[in-house]
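Enquirer: One structure follows; several queries about it will come next.
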Amino acid sequence: MKIGLLGSGGREHAMALALSKSRRDALFVFASHHNPGIERLAERVNIGGLTDLPRVVDFFRSLAVDYVVIGPEAPVSVGVVDQLHQAGISVVGPTRSQSLIEGDKSFMRDLSQRRVGWGSPAWRLVQTRQEAADFMAQAGQVAVKPTGLTGGKGVQVMGVHLQTTTEALDLVEDWIQKVGQVLLEERLVGEEFSRMVFVSDDVIVPMPVAQDFKYAYDGDTGGMTGGMGSYTTAGGSMPFLGPDDLIQADRLIKETLDALAAETGQAYRGFLYGQFMTTADGIRVIEYNARLGDPEAINAMLLLQGDVAALLDQVASGELDPGGVVFAPQASLCKYLVPAGYPDDPGDPQTFTLDEERVNEANFSIIYASVVSARDAYQTLGSRTLAIAGLGDEPGEISSRMEELIARVEPRGLRHRKDVGDADVIRRKVNRMARLRGQRQD
């Protein structure tokens with residue numbers, strides 16, 4: 001089987017590793033840069049703009065691939081799936097109109113309001129400072145969200161990033177001047193979690209729940225990033241979730257996909273990522289992504305067992321067998337190593353070496369992302385450089401082992417969050433949710 005892959009980040013390297021479990025299949029990649037991890041696994045890599053649709057389509061059509069897996073959101077939002085379909089190529093990824101569930105936050109909220117009717121925070125799309133002030137007077141503290149794609153870095157929250165109402169209104173006004181409108185949502189209090197699913201027409205198969213650490217520094221301080229790391233547990237849920245939380249989240253995903261199908265008249269084939277928050281009043285959906293999350297895809301791909309190439313072929317053809325989707329009953333953890341100034345000022349490219357053999361001997365994997373080879377070394381490209389990832393019994397146990405390793409191998413000039421998956425951090429999350437729900441802890 002010939003498999004196409006579009007993308008060149010950590011998510012796509014994790015996908016390539018999972019696809020490479022089936023040695024009889026050949027992988028062909030269209031990428032924005034020469035990811036060293038992907039290049040070791042691919043038969044051929046073509047470099048170009050991921051939204052250069054004619055070149056993307058010509059590359060995969062010329063190779064007669066059986067199907068293409070789409071990694072990032074940008075090419076989906078400009079219609080790469082539609083163009084590949086017109087060329088007669090099956091795709092694991094949503095159409096342009098379906099991708100509005102991620103690419104246009106106001107579309108997502110409006111769709112949820114009209115066709116689902118529950119699970120969303122209070123929200124308003126505003127076009128003037130006064131409209132924003134009126135909504136804040138009703139809702140209290142809010143999250144300020146640009147309506148388009150921002151790579152996971154555009155949201156700012158009152159009480160976290162914005163300390164006063166005036167500061168929030170100034171930010172609102174800036175966005176209105178730039179794009180004409182901005183989305184405001186009531187600030188939610190609770191714990192976030194990520195639920196990703198495979199979708200193939202009417203078949204929806206969930207992946208283990210993950211929790212992403214979005215902020216730049218330990219203790220959830222600093223600016224928003226694309227994600228500094230994430231973990232899953234052996235049970236596939238989160239210890240801070242209530243008994244009905246996942247049931248509600250999965251119901252919201254199902255009803256949202258039904259709503260999207262009714263709205264677009266198209267069956268969805270690909271991945272859907274739901275970012276949720278469990279609160280004292282139940283589940284709320286924060287956003288949907290029309291692709292796998294990053295870093296959460298690293299966790300999912302490490303855990304996914306069996307013939308991944310055949311599985312994704314089923315997704316693309318609308319013939320997914322839920323019984324064929326199996327995840328290892330283990331916990332997983334990944335931590336990104338990033339330039340010291342990331343995300344605000346990553347600085348000039350840095351050249352570094354990495355003791356890959358020591359990482360492998362410690363039973364961890366290296367996931368390459370925003371990095372290229374530089375002779376006998378590597379060079380950073382400014383965003384998240386690479387991730388260290390592994391499996392174990394508990395996230396905290398994996399984190400402890402990983403910290404011992406990173407202390408020996410982390411290149412100078414790179415840094416990471418030490419608290420991703422830490423046992424004490426998870427315990428505090430559990431206790432915090434118990435207090436919010438009014439439960440007593442022994």
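We name chains A, B, ... following the order of the structure tokens; residues begin at 1 in each chain, and ligands are numbered from 1 as shown.
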Find the residues near segment 354-371 of chain A: any atom within 7 Å, counting only C-alpha atoms, skip ones fewer than 4 places away on the same chain, and give them as a ChimeraX atom specification.

Expert: /A:8-10,13-14,35-37,378-390,409,411

Enquirer: I'd like the neighbourhood of segment 272-288 of chain A as a count of residues only, where a residue qualifies if any of its atoms comes within 8 Å (using only C-alpha atoms), though same-chain residues fewer than 3 positions away should be ignored.

Expert: 30

Enquirer: Going by DSSP on the backbone, which residues of segment 57-188 of chain A come out as helix (DSSP H, G or I)? List them as a compact mmCIF listing (two decimals) with C-alpha atoms, in the first residue's frame.

Expert:
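Result went into out-v6.txt, see below:
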# COMPACT_ATOMS: atom_id res chain seq x y z
CA VAL A 57 -2.28 17.23 -5.25
CA ASP A 58 0.16 16.69 -8.11
CA PHE A 59 2.69 15.07 -5.77
CA PHE A 60 0.27 12.51 -4.37
CA ARG A 61 -1.50 11.90 -7.70
CA SER A 62 1.82 11.27 -9.47
CA GLU A 73 -5.12 22.46 10.10
CA ALA A 74 -3.97 25.09 7.58
CA PRO A 75 -4.18 22.97 4.39
CA VAL A 76 -7.55 21.56 5.48
CA SER A 77 -8.93 25.07 5.96
CA VAL A 80 -6.82 20.36 0.30
CA VAL A 81 -9.19 17.47 1.04
CA ASP A 82 -11.70 18.70 -1.53
CA GLN A 83 -8.94 18.96 -4.14
CA LEU A 84 -7.60 15.48 -3.37
CA HIS A 85 -11.10 14.04 -3.63
CA GLN A 86 -11.50 15.66 -7.05
CA LEU A 100 -15.03 25.38 9.78
CA ILE A 101 -15.69 23.56 13.06
CA GLU A 102 -12.10 24.60 13.87
CA GLY A 103 -11.31 27.37 11.41
CA LYS A 105 -14.96 29.67 16.14
CA SER A 106 -18.12 31.68 15.66
CA PHE A 107 -19.38 29.04 13.19
CA MET A 108 -18.74 26.35 15.80
CA ARG A 109 -20.61 28.22 18.52
CA ASP A 110 -23.51 29.07 16.23
CA LEU A 111 -23.76 25.47 15.02
CA SER A 112 -23.73 24.20 18.60
CA GLN A 113 -26.40 26.67 19.62
CA ARG A 114 -28.73 25.96 16.71
CA ARG A 115 -28.33 22.20 16.29
CA VAL A 116 -26.97 20.84 19.59
CA ARG A 129 -16.07 47.79 22.33
CA GLN A 130 -19.48 48.63 23.78
CA GLU A 131 -20.91 45.23 22.82
CA ALA A 132 -17.95 43.63 24.58
CA ALA A 133 -18.47 45.75 27.68
CA ASP A 134 -22.15 44.82 27.79
CA PHE A 135 -21.35 41.10 27.57
CA MET A 136 -18.68 41.36 30.26
CA ALA A 137 -21.18 43.08 32.54
CA GLN A 138 -23.43 40.02 32.22
CA ALA A 139 -20.88 37.20 32.09
CA THR A 165 -11.56 44.87 32.33
CA THR A 166 -9.90 47.79 30.57
CA GLU A 167 -7.02 45.55 29.48
CA ALA A 168 -9.50 43.01 28.11
CA LEU A 169 -11.48 45.67 26.29
CA ASP A 170 -8.30 47.10 24.76
CA LEU A 171 -7.44 43.62 23.43
CA VAL A 172 -10.97 43.25 22.06
CA GLU A 173 -10.65 46.58 20.30
CA ASP A 174 -7.30 45.53 18.79
CA TRP A 175 -8.84 42.40 17.30
CA ILE A 176 -11.87 44.30 16.02
CA GLN A 177 -9.57 46.73 14.23
CA LYS A 178 -7.63 43.81 12.71
CA VAL A 179 -10.44 41.47 11.63

Enquirer: Would you please work out which residue, of A:Thr353, A:Thr128, A:Asn299, A:Ser90, is nearest to Ala234 of chain A when using only C-alpha atoms?

Expert: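 Nearest candidate to Ala234 of chain A out of A:Thr353, A:Thr128, A:Asn299, A:Ser90: A:Asn299.
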
Enquirer: Write out as a list in words all residues of segment 227-326 of chain A that backbone DSSP assigns to strand (DSSP E or B).

Expert: Gly229, Ser230, Tyr231, Thr232, Arg269, Gly270, Phe271, Leu272, Tyr273, Gly274, Gln275, Phe276, Met277, Thr278, Thr279, Gly282, Ile283, Arg284, Val285, Ile286, Glu287, Tyr288, Asn289 and Leu304 of chain A

Enquirer: So how far away is atom CA of Val182 of chain A from atom CA of Asp212 of chain A, in Å?

Expert: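 So the answer is 24.7 Å.
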